[in-house]
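Student: Attaching a single structure in structure tokens format; questions to follow.
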Amino acid sequence: MTNNCVIVTNEQILLMCPPDGYEIPAPNPNTGHANDFAIQGYAEFKKSPKKFRKEAERQWVNLRNIFNDLGVITVEMPPQENQPDLVFTADPSLSFQDRTGKLVTIFSRFSNEERQIEVDAHSAFFEKELPERPLVSSHYRIEGTGDNVYDPARDLFWSGYTHTAGRHNAAAGRSDQRAHSALQQLTGVDVVSLAVKRPFFHIDTSLGALSRGHLVVYKGGMQPLAYQKMISNAFDRFGLKRDEFLIEVSEEDAAKYACNLRCVGNTVIMPEVSNELQERIRAKGYQVITTNLSQFIYSGGSVHCLTNNLNEQRVYGGIFIEEKPKRVGLELAI
């Protein structure tokens with residue numbers, strides 16, 4: 001549901017961008033494609049750009065309608081000419097509460113320098129629609145919610161990085177670990193830094209946090225030591241049974257972007273994955289809605305990449321303690 005009035009809510013408000021002009025660009029002559037998924041994607045796009053774009057539009061509308069049918073507010077920012085990746089709204093910014101509980105927005109510093117112009121589009125949106133929102137920028141490379149997944153059950157960020165962040169190595173990771181300390185200092189939330197593993201360049205391509213504390217994880221999407229670090233912080237730290245709260249993803253489902261999901265309450269919205277994985281998630285007490293997002297997976301994105309929660313609420317201490325979460329509402333003029 002979109003609206004033309006002031007909205008006061010504690011729930012998700014998802015920023016989306018229509019895929020007008022969406023395409024998979026030709027490889028950079030010096031550095032190649034932005035990620036390895038785009039290699040096949042570019043070949044598919046070249047077969048029939050018009051047909052590719054039409055199908056992408058249909059898939060995007062279906063995703064937006066799923067959220068609207070679940071009662072989620074979606075806000076659309078205008079597409080920009082020559083910005084084919086602006087549809088992936090998760091990447092240019094991250095909105096969260098600072099230490100005082102006030103919502104702030106952190107702008108990204110992209111490893112793919114050609115995408116940095118997307119930050120200008122996000123900046124224009126916030127200045128128009130949320131003029132009171134404090135806006136900050138990162139000194140080090142960091143890529144929005146794509147590389148910083150908030151886990152409300154544990155009250156922490158799962159944040160991806162690579163030791164060699166830069167355009168030359170974008171397919172193997174995007175963010176600089178040094179940005180994580182600034183994120184932790186600003187929000188007061190623990191940040192668990194996880195080194196990603198090619199071709200899974202953002203942490204949201206190999207880890208999805210569900211609302212009741214379960215994690216959907218592809219082990220091969222992060223470095224071995226990072227995986228062990230994730231296990232320690234996700235389960236051992238909270239005295240949780242791994243068999244109960246860890247949902248491992250196969251290589252086949254990982255390639256379908258199974259981890260790139262979003263929850264609305266106990267409903268999981270995810271791309272089309274195997275029935276076996278869907279049933280394992282349902283067995284944990286969730287409803288599952290899948291939708292075809294093949295055109296966007298070709299470019300390296302899916303449900304989580306196509307949405308950005310403008311109203312991410314901190315759950316103080318997480319759900320595994322008795323303390324009740326503190327909520328702060330958002331006023332959005334649209």
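Ordered as shown in the structure tokens, chains take letters A, B, and onward, while each chain numbers its residues from 1 and ligands are numbered from 1 in the order shown.
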I'd like to know which residues of segment 19-253 of chain A are strand (DSSP E) (by DSSP, run on the backbone); could you write them as a PyMOL selection string?
Tutor: chain A and resi 73-76+93-97+103-107+135-137+148-151+156-161+190-195+207-209+215-217+246-248
Student: Could you give me, as a list of chain:residue names, each residue of segment 153-203 of chain A that DSSP assigns to helix (DSSP H, G or I) when run on this structure's backbone?
Tutor: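 Checking each residue of segment 153-203 of chain A, the helix (DSSP H, G or I) ones are A:Arg167, A:His168, A:Asn169, A:Ala170, A:Ala171, A:Ala172, A:Arg178, A:Ala179, A:His180, A:Ser181, A:Ala182, A:Leu183, A:Gln184, A:Gln185, A:Leu186, A:Thr187, A:Ile203.
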Student: Which residues of segment 80-100 of chain A come within 10 Å of segment 122-142 of chain A, and what is each one's closest atom pair and distance in Å (one decimal), counting only C-alpha atoms, sorted by chain and residue number, as JSON lines?
Tutor:
```
{"residue": "A:Leu86", "atom": "CA", "partner": "A:His122", "partner_atom": "CA", "distance": 9.2}
{"residue": "A:Thr89", "atom": "CA", "partner": "A:His122", "partner_atom": "CA", "distance": 8.5}
{"residue": "A:Asp91", "atom": "CA", "partner": "A:Ile142", "partner_atom": "CA", "distance": 8.9}
{"residue": "A:Pro92", "atom": "CA", "partner": "A:His122", "partner_atom": "CA", "distance": 6.9}
{"residue": "A:Ser93", "atom": "CA", "partner": "A:His122", "partner_atom": "CA", "distance": 7.3}
{"residue": "A:Leu94", "atom": "CA", "partner": "A:Ile142", "partner_atom": "CA", "distance": 9.7}
{"residue": "A:Ser95", "atom": "CA", "partner": "A:Leu135", "partner_atom": "CA", "distance": 9.2}
{"residue": "A:Asp98", "atom": "CA", "partner": "A:Pro134", "partner_atom": "CA", "distance": 10.0}
```
Student: Mind checking which residues fall within 10 Å of segment 147-157 of chain A, counting only C-alpha atoms, ignoring those fewer than 5 positions away in the same chain, and posting them as number ranges by chain?
Tutor: A: 90-91, 94, 96, 142, 173-175, 180, 183-184, 188-194, 196, 201-205, 207-215, 233-235, 237-238, 304, 312-321, 325
Student: Would you export the selected residues with N, CA and C atoms as a short mmCIF file (atom, residue, chain, number, x, y, z; two decimals), in the first residue's frame, please?
Tutor:
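Output contents, as saved in again-v4.cif:
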```
data_model
loop_
_atom_site.label_atom_id
_atom_site.label_comp_id
_atom_site.auth_asym_id
_atom_site.auth_seq_id
_atom_site.Cartn_x
_atom_site.Cartn_y
_atom_site.Cartn_z
N ALA A 90 18.50 -1.98 -1.67
CA ALA A 90 19.15 -2.35 -0.42
C ALA A 90 20.58 -1.83 -0.31
N ASP A 91 21.22 -1.58 -1.45
CA ASP A 91 22.66 -1.35 -1.43
C ASP A 91 23.12 0.08 -1.15
N LEU A 94 21.59 2.43 4.41
CA LEU A 94 21.18 1.61 5.55
C LEU A 94 20.53 2.54 6.57
N PHE A 96 18.78 2.90 10.32
CA PHE A 96 18.71 2.22 11.61
C PHE A 96 18.68 3.27 12.72
N ILE A 142 31.40 0.43 2.24
CA ILE A 142 30.32 -0.29 2.91
C ILE A 142 29.11 -0.23 1.99
N GLY A 173 33.68 -9.68 -3.09
CA GLY A 173 33.32 -8.96 -1.87
C GLY A 173 33.37 -7.47 -2.09
N ARG A 174 32.65 -6.73 -1.26
CA ARG A 174 32.47 -5.30 -1.53
C ARG A 174 32.89 -4.39 -0.38
N SER A 175 32.74 -4.83 0.85
CA SER A 175 32.88 -3.91 1.98
C SER A 175 34.21 -4.08 2.71
N HIS A 180 32.94 -1.40 9.87
CA HIS A 180 32.07 -2.03 10.85
C HIS A 180 32.17 -1.39 12.23
N LEU A 183 29.91 1.58 12.26
CA LEU A 183 28.52 1.16 12.35
C LEU A 183 28.17 0.80 13.79
N GLN A 184 29.04 0.08 14.44
CA GLN A 184 28.80 -0.32 15.83
C GLN A 184 28.79 0.89 16.75
N GLY A 188 25.36 1.40 18.45
CA GLY A 188 25.46 0.70 19.72
C GLY A 188 25.15 -0.77 19.63
N VAL A 189 25.04 -1.28 18.41
CA VAL A 189 24.70 -2.69 18.17
C VAL A 189 25.97 -3.47 17.82
N ASP A 190 26.12 -4.65 18.38
CA ASP A 190 27.26 -5.49 18.05
C ASP A 190 27.27 -5.80 16.56
N VAL A 191 28.46 -5.75 15.97
CA VAL A 191 28.64 -6.10 14.57
C VAL A 191 29.54 -7.33 14.49
N VAL A 192 29.04 -8.38 13.87
CA VAL A 192 29.83 -9.59 13.66
C VAL A 192 30.30 -9.58 12.22
N SER A 193 31.61 -9.41 12.04
CA SER A 193 32.20 -9.28 10.70
C SER A 193 32.46 -10.66 10.11
N LEU A 194 31.92 -10.89 8.92
CA LEU A 194 32.04 -12.19 8.26
C LEU A 194 32.64 -12.00 6.87
N VAL A 196 33.21 -12.78 3.23
CA VAL A 196 32.42 -13.49 2.23
C VAL A 196 33.35 -14.24 1.28
N PHE A 201 29.10 -12.16 -3.03
CA PHE A 201 29.82 -10.92 -2.79
C PHE A 201 29.25 -10.07 -1.66
N HIS A 202 27.96 -10.22 -1.34
CA HIS A 202 27.31 -9.55 -0.21
C HIS A 202 26.86 -10.60 0.79
N ILE A 203 26.84 -10.25 2.07
CA ILE A 203 26.45 -11.24 3.07
C ILE A 203 24.99 -11.65 2.93
N ASP A 204 24.14 -10.78 2.36
CA ASP A 204 22.73 -11.17 2.22
C ASP A 204 22.50 -12.17 1.09
N THR A 205 23.56 -12.55 0.39
CA THR A 205 23.43 -13.61 -0.60
C THR A 205 23.72 -14.99 -0.01
N LEU A 207 23.30 -15.39 3.79
CA LEU A 207 22.74 -15.45 5.14
C LEU A 207 21.46 -14.64 5.20
N GLY A 208 20.41 -15.27 5.69
CA GLY A 208 19.14 -14.60 5.91
C GLY A 208 18.67 -14.84 7.33
N ALA A 209 18.28 -13.77 8.03
CA ALA A 209 17.84 -13.87 9.42
C ALA A 209 16.32 -13.89 9.49
N LEU A 210 15.76 -14.94 10.09
CA LEU A 210 14.32 -15.06 10.22
C LEU A 210 13.84 -14.48 11.54
N SER A 211 12.56 -14.21 11.63
CA SER A 211 12.01 -13.41 12.73
C SER A 211 12.05 -14.12 14.08
N ARG A 212 12.07 -15.44 14.09
CA ARG A 212 12.04 -16.18 15.35
C ARG A 212 13.41 -16.73 15.73
N GLY A 213 14.45 -16.21 15.10
CA GLY A 213 15.81 -16.58 15.50
C GLY A 213 16.49 -17.60 14.64
N HIS A 214 15.81 -18.14 13.64
CA HIS A 214 16.44 -19.10 12.74
C HIS A 214 17.27 -18.37 11.69
N LEU A 215 18.34 -18.99 11.27
CA LEU A 215 19.18 -18.43 10.22
C LEU A 215 19.20 -19.36 9.02
N ASN A 233 28.67 -17.04 17.29
CA ASN A 233 27.88 -15.88 17.70
C ASN A 233 26.38 -16.09 17.56
N ALA A 234 25.99 -16.99 16.70
CA ALA A 234 24.56 -17.22 16.48
C ALA A 234 23.97 -18.22 17.46
N PHE A 235 24.74 -19.20 17.85
CA PHE A 235 24.18 -20.31 18.63
C PHE A 235 24.88 -20.49 19.97
N ARG A 237 26.80 -18.52 21.64
CA ARG A 237 26.71 -17.30 22.46
C ARG A 237 25.38 -17.19 23.19
N PHE A 238 24.33 -17.73 22.60
CA PHE A 238 22.99 -17.61 23.18
C PHE A 238 22.48 -18.93 23.76
N HIS A 304 15.69 -9.55 -0.89
CA HIS A 304 16.31 -8.61 0.04
C HIS A 304 16.98 -7.46 -0.70
N GLU A 312 13.85 0.38 10.06
CA GLU A 312 14.39 -0.78 10.78
C GLU A 312 14.42 -0.49 12.28
N GLN A 313 13.75 -1.33 13.04
CA GLN A 313 13.61 -1.13 14.47
C GLN A 313 14.56 -2.04 15.24
N ARG A 314 15.25 -1.45 16.18
CA ARG A 314 16.12 -2.26 17.02
C ARG A 314 15.28 -3.00 18.07
N VAL A 315 15.60 -4.26 18.27
CA VAL A 315 15.00 -5.04 19.35
C VAL A 315 16.08 -5.16 20.42
N TYR A 316 16.00 -4.34 21.43
CA TYR A 316 17.07 -4.22 22.42
C TYR A 316 17.29 -5.54 23.14
N GLY A 317 18.48 -6.10 22.98
CA GLY A 317 18.83 -7.36 23.60
C GLY A 317 18.37 -8.58 22.83
N GLY A 318 17.52 -8.38 21.80
CA GLY A 318 17.03 -9.51 21.02
C GLY A 318 15.86 -10.20 21.69
N ILE A 319 15.37 -11.25 21.08
CA ILE A 319 14.19 -11.94 21.60
C ILE A 319 14.54 -13.07 22.56
N PHE A 320 15.83 -13.34 22.73
CA PHE A 320 16.22 -14.45 23.59
C PHE A 320 16.47 -14.01 25.03
N ILE A 321 16.07 -12.80 25.36
CA ILE A 321 16.09 -12.34 26.74
C ILE A 321 14.69 -11.90 27.11
N PRO A 325 11.26 -5.50 23.92
CA PRO A 325 11.94 -4.61 22.97
C PRO A 325 11.40 -3.19 23.03
#
```
Student: Can you tell me how far atom CA of Met77 of chain A sits from atom CA of Cys17 of chain A, in Å to one decimal?
Tutor: 5.1 Å
Student: Can you pull out every residue within 12 Å of Glu279 of chain A, counting only C-alpha atoms, but drop anything in the same chain fewer than 4 positions away, and send it as a VMD selection string?
Tutor: chain A and resid 247 268 273 to 275 283 to 289
Student: Print the selection's residues with C-alpha atoms to a file, as a PDB file, in the first residue's frame.
Tutor:
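The resulting file, selection06.pdb, is reproduced below:
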```pdb
ATOM      1  CA  ILE A 247      18.745 -23.980   8.302  1.00  0.00           C
ATOM      2  CA  VAL A 268       9.137 -15.627   4.750  1.00  0.00           C
ATOM      3  CA  VAL A 273      13.719 -22.541  -4.292  1.00  0.00           C
ATOM      4  CA  SER A 274      13.414 -26.281  -3.775  1.00  0.00           C
ATOM      5  CA  ASN A 275      10.319 -27.713  -2.114  1.00  0.00           C
ATOM      6  CA  ALA A 283       8.639 -27.029   9.859  1.00  0.00           C
ATOM      7  CA  LYS A 284      10.163 -24.267  12.011  1.00  0.00           C
ATOM      8  CA  GLY A 285       6.787 -22.523  12.242  1.00  0.00           C
ATOM      9  CA  TYR A 286       6.906 -20.117   9.296  1.00  0.00           C
ATOM     10  CA  GLN A 287       4.700 -19.531   6.310  1.00  0.00           C
ATOM     11  CA  VAL A 288       6.637 -19.371   3.043  1.00  0.00           C
ATOM     12  CA  ILE A 289       5.805 -17.362  -0.062  1.00  0.00           C
TER      13      ILE A 289
END
```
Student: Take atom CA of Tyr161 of chain A and atom CA of Ile39 of chain A and report the distance between them in Å, one decimal.
Tutor: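 Straight-line distance from atom CA of Tyr161 of chain A to atom CA of Ile39 of chain A works out to 22.2 Å.
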Student: Tell me which of A:Gly239, A:Gln278, A:Leu310, A:Glu114 sits closest to Thr74 of chain A, counting only C-alpha atoms.
Tutor: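 With only C-alpha atoms as the atom set, the closest residue is A:Leu310.
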Student: Using only C-alpha atoms, find each residue of segment 261-328 of chain A with at least one atom at most 9 Å away from an atom of segment 20-36 of chain A; report its shortest atom-to-atom pair and that distance in Å (one decimal), sort the rows by chain and rising residue number, and return the result as a Markdown table.
Tutor:
```
| residue | atom | partner | partner_atom | distance |
| --- | --- | --- | --- | --- |
| A:Tyr298 | CA | A:Ile24 | CA | 8.0 |
| A:Ser299 | CA | A:Ile24 | CA | 6.2 |
| A:Gly300 | CA | A:Asn35 | CA | 6.9 |
```
Student: So which residues touch Gly301 of chain A within 8 Å, counting only C-alpha atoms, skipping near sequence neighbours fewer than 4 positions away, as JSON, numbers by chain?
Tutor: {"A": [88, 205, 257, 260, 296, 297, 305, 306]}
Student: Using only C-alpha atoms, can you tell me which of A:Ile281, A:Ile269, A:Ala182, A:Ile106 comes closest to Asn65 of chain A?
Tutor: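 Among the listed residues, the smallest separation from Asn65 of chain A belongs to A:Ile269.
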